[in-house]
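Q: I am sharing final.csv, which consists of CSV, C-alpha atoms:
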chain,number,residue,atom,x,y,z
A,1,MET,CA,18.1,4.3,-19.1
A,2,TRP,CA,20.4,1.3,-18.7
A,3,THR,CA,23.0,3.2,-16.9
A,4,TRP,CA,20.3,4.3,-14.5
A,5,PHE,CA,19.2,0.7,-14.2
A,6,HIS,CA,22.7,-0.5,-13.2
A,7,LYS,CA,23.3,2.5,-10.9
A,8,PHE,CA,20.1,1.8,-9.0
A,9,GLY,CA,21.0,-1.8,-8.9
A,10,SER,CA,24.1,-1.0,-6.9
A,11,PRO,CA,23.2,-1.0,-3.2
A,12,PRO,CA,25.2,2.0,-1.9
A,13,HIS,CA,23.8,4.2,-4.7
A,14,ALA,CA,20.3,3.0,-4.1
A,15,TYR,CA,20.6,3.4,-0.3
A,16,ARG,CA,21.7,7.0,-0.6
A,17,LEU,CA,19.1,7.9,-3.4
A,18,LEU,CA,16.3,6.4,-1.3
A,19,GLY,CA,17.4,8.4,1.7
A,20,LYS,CA,17.2,11.6,-0.4
A,21,LEU,CA,13.9,10.8,-2.0
A,22,ALA,CA,12.0,9.8,1.2
A,23,PRO,CA,11.4,13.2,2.7
A,24,TRP,CA,10.0,14.5,-0.6
A,25,PHE,CA,7.5,11.6,-0.7
A,26,GLY,CA,6.8,11.9,3.0
A,27,TRP,CA,5.9,15.6,3.2
A,28,THR,CA,4.0,15.9,0.0
A,29,SER,CA,1.9,12.8,0.8
A,30,LEU,CA,1.2,14.2,4.3
A,31,ALA,CA,0.0,17.5,2.8
A,32,LEU,CA,-2.1,15.8,0.2
A,33,ILE,CA,-3.7,13.3,2.6
A,34,LEU,CA,-4.6,16.1,5.0
A,35,LEU,CA,-6.0,18.3,2.2
A,36,ALA,CA,-8.0,15.4,0.7
A,37,THR,CA,-9.4,14.4,4.2
A,38,TRP,CA,-10.6,17.9,4.8
A,39,TRP,CA,-12.0,18.2,1.2
A,40,GLY,CA,-13.7,14.8,1.4
A,41,LEU,CA,-15.2,15.2,4.8
A,42,VAL,CA,-16.2,18.9,4.8
A,43,LYS,CA,-16.1,20.5,1.3
A,44,ALA,CA,-17.5,17.7,-0.9
A,45,PRO,CA,-21.3,17.7,-1.2
A,46,ALA,CA,-23.3,14.9,0.4
A,47,ASP,CA,-24.4,12.2,-2.0
A,48,TYR,CA,-28.1,12.3,-3.0
A,49,GLN,CA,-28.6,8.6,-2.3
A,50,GLN,CA,-26.1,7.8,0.5
A,51,GLY,CA,-26.0,11.2,2.2
A,52,ASP,CA,-22.8,11.6,4.2
A,53,GLY,CA,-22.2,7.9,4.3
A,54,PHE,CA,-20.6,8.0,0.9
A,55,ARG,CA,-17.6,9.8,2.5
A,56,ILE,CA,-16.2,6.4,3.3
A,57,LEU,CA,-15.4,6.3,-0.4
A,58,TYR,CA,-12.4,8.6,0.3
A,59,VAL,CA,-10.6,6.1,2.4
A,60,HIS,CA,-12.1,2.9,1.0
A,61,ALA,CA,-11.4,3.4,-2.7
A,62,PRO,CA,-7.8,4.6,-2.3
A,63,SER,CA,-6.9,1.8,0.0
A,64,ALA,CA,-8.5,-0.8,-2.4
A,65,TRP,CA,-6.6,0.9,-5.3
A,66,MET,CA,-3.3,0.7,-3.3
A,67,SER,CA,-3.9,-3.0,-2.4
A,68,MET,CA,-3.8,-3.7,-6.2
A,69,PHE,CA,-1.2,-1.2,-7.2
A,70,ILE,CA,1.3,-2.4,-4.5
A,71,TYR,CA,0.7,-6.0,-5.6
A,72,VAL,CA,1.6,-5.1,-9.2
A,73,VAL,CA,4.7,-3.3,-8.1
A,74,MET,CA,5.6,-6.3,-5.9
A,75,ALA,CA,5.1,-8.7,-8.9
A,76,ILE,CA,7.1,-6.5,-11.3
A,77,ALA,CA,9.9,-6.2,-8.8
A,78,ALA,CA,9.9,-9.9,-8.4
A,79,ALA,CA,10.0,-10.5,-12.1
A,80,ILE,CA,12.9,-8.1,-12.5
A,81,GLY,CA,14.7,-9.9,-9.7
A,82,LEU,CA,14.1,-13.3,-11.3
A,83,ILE,CA,15.0,-12.3,-14.9
A,84,TRP,CA,18.0,-10.1,-14.2
A,85,ARG,CA,19.0,-11.6,-10.9
A,86,MET,CA,18.9,-8.2,-9.4
A,87,LYS,CA,19.1,-8.5,-5.6
A,88,ILE,CA,17.7,-5.0,-5.0
A,89,ALA,CA,14.5,-5.9,-7.0
A,90,HIS,CA,13.9,-8.8,-4.7
A,91,ALA,CA,14.4,-6.6,-1.7
A,92,ALA,CA,11.9,-4.1,-3.1
A,93,SER,CA,9.4,-6.9,-3.7
A,94,ALA,CA,9.8,-8.1,-0.1
A,95,ALA,CA,9.4,-4.5,1.2
A,96,CYS,CA,6.0,-4.2,-0.6
A,97,ALA,CA,4.3,-7.2,0.9
A,98,PRO,CA,3.4,-6.0,4.5
A,99,VAL,CA,2.3,-2.6,3.2
A,100,GLY,CA,0.1,-4.1,0.5
A,101,ALA,CA,-1.4,-6.6,3.0
A,102,SER,CA,-2.3,-3.8,5.4
A,103,PHE,CA,-4.0,-1.8,2.6
A,104,THR,CA,-5.9,-4.9,1.5
A,105,LEU,CA,-7.1,-5.5,5.1
A,106,LEU,CA,-8.1,-1.8,5.3
A,107,ALA,CA,-10.1,-2.0,2.1
A,108,LEU,CA,-11.9,-5.1,3.3
A,109,VAL,CA,-12.7,-3.7,6.7
A,110,THR,CA,-13.8,-0.2,5.5
A,111,GLY,CA,-15.8,-1.9,2.7
A,112,ALA,CA,-17.6,-4.1,5.4
A,113,ILE,CA,-18.3,-1.0,7.5
A,114,TRP,CA,-19.7,0.8,4.4
A,115,GLY,CA,-21.7,-2.3,3.4
A,116,LYS,CA,-23.6,-2.5,6.6
A,117,PRO,CA,-25.7,0.7,6.2
A,118,MET,CA,-25.9,0.6,2.4
A,119,TRP,CA,-26.4,-3.1,1.6
A,120,GLY,CA,-27.7,-4.2,5.0
A,121,THR,CA,-24.8,-6.7,5.4
A,122,TRP,CA,-21.2,-6.6,6.4
A,123,TRP,CA,-20.1,-9.3,4.0
A,124,VAL,CA,-21.3,-11.2,1.0
A,125,TRP,CA,-19.4,-14.0,-0.9
A,126,ASP,CA,-19.6,-12.2,-4.2
A,127,ALA,CA,-16.9,-11.9,-6.8
A,128,ARG,CA,-15.4,-8.5,-5.8
A,129,LEU,CA,-15.2,-9.2,-2.1
A,130,THR,CA,-14.0,-12.7,-2.5
A,131,SER,CA,-11.3,-11.8,-5.0
A,132,GLU,CA,-10.1,-9.0,-2.7
A,133,LEU,CA,-10.0,-11.5,0.2
A,134,ILE,CA,-7.9,-13.8,-2.0
A,135,LEU,CA,-5.5,-10.9,-2.5
A,136,LEU,CA,-5.0,-10.7,1.2
A,137,PHE,CA,-4.2,-14.4,1.3
A,138,LEU,CA,-1.7,-13.9,-1.5
A,139,TYR,CA,0.1,-11.3,0.5
A,140,LEU,CA,0.1,-13.4,3.6
A,141,GLY,CA,1.1,-16.5,1.6
A,142,TYR,CA,4.0,-14.5,0.1
A,143,MET,CA,5.3,-13.4,3.5
A,144,ALA,CA,4.9,-16.8,5.0
A,145,LEU,CA,6.7,-18.5,2.0
A,146,ARG,CA,9.5,-16.0,2.3
A,147,SER,CA,10.0,-16.5,6.0
A,148,SER,CA,9.9,-20.3,5.6
A,149,PHE,CA,13.4,-20.4,3.9
A,150,ASP,CA,16.7,-20.0,5.7
A,151,ASP,CA,18.5,-19.3,2.5
A,152,PRO,CA,17.6,-15.7,1.4
A,153,GLN,CA,18.2,-16.4,-2.3
A,154,ARG,CA,15.9,-19.4,-2.4
A,155,ALA,CA,13.3,-17.4,-0.4
A,156,ASP,CA,13.6,-14.6,-3.1
A,157,ARG,CA,13.1,-17.0,-6.0
A,158,ALA,CA,10.2,-18.9,-4.4
A,159,ALA,CA,8.4,-15.8,-3.3
A,160,ALA,CA,8.9,-14.2,-6.7
A,161,VAL,CA,7.2,-17.1,-8.5
A,162,LEU,CA,4.2,-16.8,-6.1
A,163,ALA,CA,4.0,-13.1,-6.6
A,164,ILE,CA,4.1,-13.4,-10.4
A,165,VAL,CA,1.5,-16.2,-10.6
A,166,GLY,CA,-0.8,-14.3,-8.2
A,167,VAL,CA,-0.9,-11.3,-10.5
A,168,ILE,CA,-3.7,-13.1,-12.3
A,169,ASN,CA,-6.0,-12.1,-9.4
A,170,ILE,CA,-5.6,-8.4,-10.2
A,171,PRO,CA,-7.6,-8.3,-13.4
A,172,ILE,CA,-10.1,-10.6,-11.8
A,173,ILE,CA,-10.6,-8.1,-9.0
A,174,HIS,CA,-10.9,-5.2,-11.4
A,175,TYR,CA,-13.4,-6.9,-13.8
A,176,SER,CA,-15.2,-8.8,-11.1
A,177,VAL,CA,-18.0,-6.2,-11.0
A,178,GLU,CA,-18.5,-6.6,-14.8
A,179,TRP,CA,-18.1,-10.4,-15.2
A,180,TRP,CA,-20.4,-11.4,-12.3
A,181,THR,CA,-23.5,-10.0,-10.8
A,182,THR,CA,-22.5,-8.4,-7.5
A,183,LEU,CA,-23.7,-6.0,-4.9
A,184,HIS,CA,-20.6,-3.9,-5.4
A,185,GLN,CA,-21.1,-0.9,-7.6
A,186,PRO,CA,-19.2,-0.9,-10.9
A,187,ALA,CA,-16.2,1.3,-11.4
A,188,SER,CA,-17.0,4.9,-11.5
A,189,VAL,CA,-13.5,6.4,-12.0
A,190,THR,CA,-11.4,4.1,-14.2
A,191,LYS,CA,-13.8,4.1,-17.1
A,192,MET,CA,-12.7,4.3,-20.7
A,193,SER,CA,-15.3,7.0,-21.3
A,194,ARG,CA,-16.0,9.7,-18.8
A,195,PRO,CA,-16.0,8.9,-15.0
A,196,THR,CA,-19.6,8.7,-13.7
A,197,ILE,CA,-18.9,10.6,-10.5
A,198,ALA,CA,-19.4,14.4,-10.1
A,199,LEU,CA,-16.3,16.5,-10.3
A,200,PRO,CA,-16.6,18.1,-6.8
A,201,MET,CA,-16.7,14.5,-5.4
A,202,LEU,CA,-13.9,13.3,-7.7
A,203,ILE,CA,-11.3,15.9,-6.9
A,204,PRO,CA,-10.7,14.8,-3.2
A,205,LEU,CA,-10.7,11.2,-4.4
A,206,PHE,CA,-7.9,11.9,-6.8
A,207,LEU,CA,-6.0,13.9,-4.2
A,208,MET,CA,-6.3,11.1,-1.7
A,209,ILE,CA,-5.2,8.5,-4.2
A,210,ILE,CA,-2.1,10.5,-5.2
A,211,GLY,CA,-1.4,11.1,-1.5
A,212,PHE,CA,-1.6,7.4,-0.8
A,213,GLN,CA,0.7,6.7,-3.7
A,214,LEU,CA,3.3,9.1,-2.4
A,215,TYR,CA,2.9,7.8,1.1
A,216,PHE,CA,3.6,4.3,-0.3
A,217,GLY,CA,6.7,5.8,-2.0
A,218,TRP,CA,7.9,7.0,1.4
A,219,VAL,CA,7.2,3.7,3.2
A,220,LEU,CA,8.9,1.8,0.4
A,221,CYS,CA,12.0,4.0,0.6
A,222,ARG,CA,12.3,3.4,4.3
A,223,ARG,CA,11.6,-0.3,4.2
A,224,LEU,CA,14.0,-0.8,1.2
A,225,ARG,CA,16.8,1.0,3.0
A,226,GLY,CA,16.3,-1.4,5.9
A,227,GLU,CA,16.3,-4.4,3.6
A,228,ILE,CA,19.4,-3.2,1.8
A,229,LEU,CA,21.3,-2.9,5.1
A,230,ARG,CA,20.1,-6.4,6.2
A,231,ARG,CA,21.2,-8.0,3.0
A,232,GLU,CA,24.5,-6.2,2.6
A,233,ARG,CA,25.5,-6.9,6.2
A,234,ASN,CA,29.2,-7.6,5.3
A,235,ALA,CA,29.7,-5.1,2.5
A,236,SER,CA,32.5,-2.6,2.8
A,237,TRP,CA,30.5,0.4,1.5
A,238,LEU,CA,28.5,0.4,4.8
A,239,LYS,CA,31.4,2.2,6.5
A,240,GLU,CA,31.0,5.2,4.3
A,241,ALA,CA,27.2,5.4,4.4
B,1,MET,CA,-22.4,23.1,8.1
B,2,SER,CA,-22.1,23.3,11.9
B,3,LEU,CA,-19.6,21.4,14.0
B,4,GLN,CA,-22.5,19.3,15.3
B,5,ASP,CA,-23.6,18.3,11.8
B,6,PHE,CA,-20.0,17.5,11.0
B,7,PHE,CA,-19.7,15.0,13.8
B,8,GLU,CA,-23.1,13.5,13.2
B,9,MET,CA,-22.3,12.9,9.5
B,10,GLY,CA,-25.9,12.9,8.5
B,11,GLY,CA,-26.6,9.9,10.9
B,12,TYR,CA,-23.7,7.9,9.5
B,13,ALA,CA,-21.2,8.8,12.2
B,14,ALA,CA,-21.0,5.2,13.5
B,15,TYR,CA,-19.8,4.1,10.1
B,16,VAL,CA,-17.8,7.1,8.7
B,17,TRP,CA,-15.6,7.8,11.7
B,18,PRO,CA,-14.5,4.2,12.4
B,19,CYS,CA,-13.4,4.0,8.7
B,20,TYR,CA,-11.3,7.2,9.0
B,21,ALA,CA,-9.9,6.1,12.4
B,22,LEU,CA,-8.9,2.7,11.0
B,23,THR,CA,-7.2,4.4,8.0
B,24,ALA,CA,-5.3,6.7,10.3
B,25,ILE,CA,-4.2,3.7,12.3
B,26,VAL,CA,-3.0,1.7,9.2
B,27,LEU,CA,-1.1,4.7,7.8
B,28,CYS,CA,0.6,5.4,11.2
B,29,TRP,CA,1.4,1.7,11.7
B,30,ASN,CA,3.0,1.4,8.3
B,31,ALA,CA,5.1,4.6,8.8
B,32,TRP,CA,6.2,3.5,12.3
B,33,ALA,CA,7.0,-0.1,11.2
B,34,ALA,CA,9.0,1.1,8.2
B,35,ARG,CA,11.0,3.6,10.1
B,36,ARG,CA,11.6,1.1,13.0
B,37,SER,CA,13.0,-1.5,10.7
B,38,GLU,CA,15.2,1.1,9.0
B,39,VAL,CA,16.6,2.4,12.3
B,40,ALA,CA,17.0,-1.1,13.7
B,41,GLU,CA,19.1,-2.2,10.7
B,42,GLN,CA,21.2,1.0,10.9
B,43,LEU,CA,21.9,0.4,14.6
B,44,ALA,CA,22.8,-3.3,13.8
B,45,ALA,CA,25.1,-2.2,11.0
B,46,ARG,CA,26.9,0.3,13.3
B,47,ARG,CA,27.3,-2.3,16.0
B,48,ARG,CA,28.8,-4.8,13.5
B,49,MET,CA,31.3,-2.1,12.4
B,50,ASP,CA,32.3,-1.3,16.0
B,51,HIS,CA,32.6,-4.9,17.0
B,52,PRO,CA,33.7,-6.8,13.9
B,53,SER,CA,34.3,-10.1,15.8
B,54,GLU,CA,30.7,-10.5,16.8
B,55,GLY,CA,28.1,-12.0,14.5
B,56,ARG,CA,28.7,-12.9,10.9
Could I get this file's structure written as structure tokens?
A:
Amino acid sequence: MWTWFHKFGSPPHAYRLLGKLAPWFGWTSLALILLATWWGLVKAPADYQQGDGFRILYVHAPSAWMSMFIYVVMAIAAAIGLIWRMKIAHAASAACAPVGASFTLLALVTGAIWGKPMWGTWWVWDARLTSELILLFLYLGYMALRSSFDDPQRADRAAAVLAIVGVINIPIIHYSVEWWTTLHQPASVTKMSRPTIALPMLIPLFLMIIGFQLYFGWVLCRRLRGEILRRERNASWLKEA
Amino acid sequence: MSLQDFFEMGGYAAYVWPCYALTAIVLCWNAWAARRSEVAEQLAARRRMDHPSEGR
């Protein structure tokens, strides 16, 4: 494991590995997302309460899940970068931020569009919605902080501290529907017991989430390769790559 | 389910389709932006190699 760790920490090796991995992530994610879209829109039965309106679930829940998942990845990468002074970890953390921010915005907007017919309102200042909005501000703050430094190493460290502190918000988002009364429905998939959603509705949701995860893998490969090239601008290995 | 039913989404068409369209936009934008930054850095790296005197 440690040899792998050191190997991946070396920019030329990581650059080549990411280039090889990316197409696998890309094509499987494309196939899964298309399959899940068809399954969710056509094959899955309509909900007995929400009719066909519930189909928004298949884009809303995966993007909300990704908004939190990417934040955790970003914070873990930042922590690795701080503790082991690993440059590539900081680069990975930086590559996560814009992707995570876009999924957070997507979760908020699709949630608002879903809220209108089901709750009768686009927005309420309740715990789930507000904590997700704070997540968006954390991403934006992270990117703003990073771009406010001229020295890349100081930018890495300052942004890493923000990312790690902000991780507190993730359990708050997750448990917000249990800790406070809210319009938002409680979790129906990530339950300790059995999920409270019917299997024919659950399968496309799982496919979509896996598809989104792999899609994020592809985007991260591409972005990280760009980050590596930018940070290694004077390295001699670039001539071979 | 007929094609007409599919597009009407049980009366929720005005909510369901914008959500899927926005998702498609976000996915395409991320893919495009990621690929663009990668290609831009590759081109910049190649330029630096061909003209070592310019830039840092």
Q: May I ask you to extract the residues of chain B within 6 Å of chain A, using all atoms listed in the file, and to give them as a PyMOL selection string?
A: chain B and resi 9-10+12+15-16+19+34-35+37-38+41
Q: Expressed in Å to a single decimal, how great is the separation between atom CA of A:Ile173 and atom CA of A:Gly120?
A: 22.4 Å
Q: To one decimal place in Å, what is the distance between atom CA of A:Ser93 and atom CA of A:Ala155?
A: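 Computed distance, atom CA of A:Ser93 to atom CA of A:Ala155, equals 11.7 Å.
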Q: Report, in Å to a single decimal, how far apart atom CA of A:Leu136 and atom CA of A:Ser67 are.
A: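 Distance between the two atoms: 8.6 Å.
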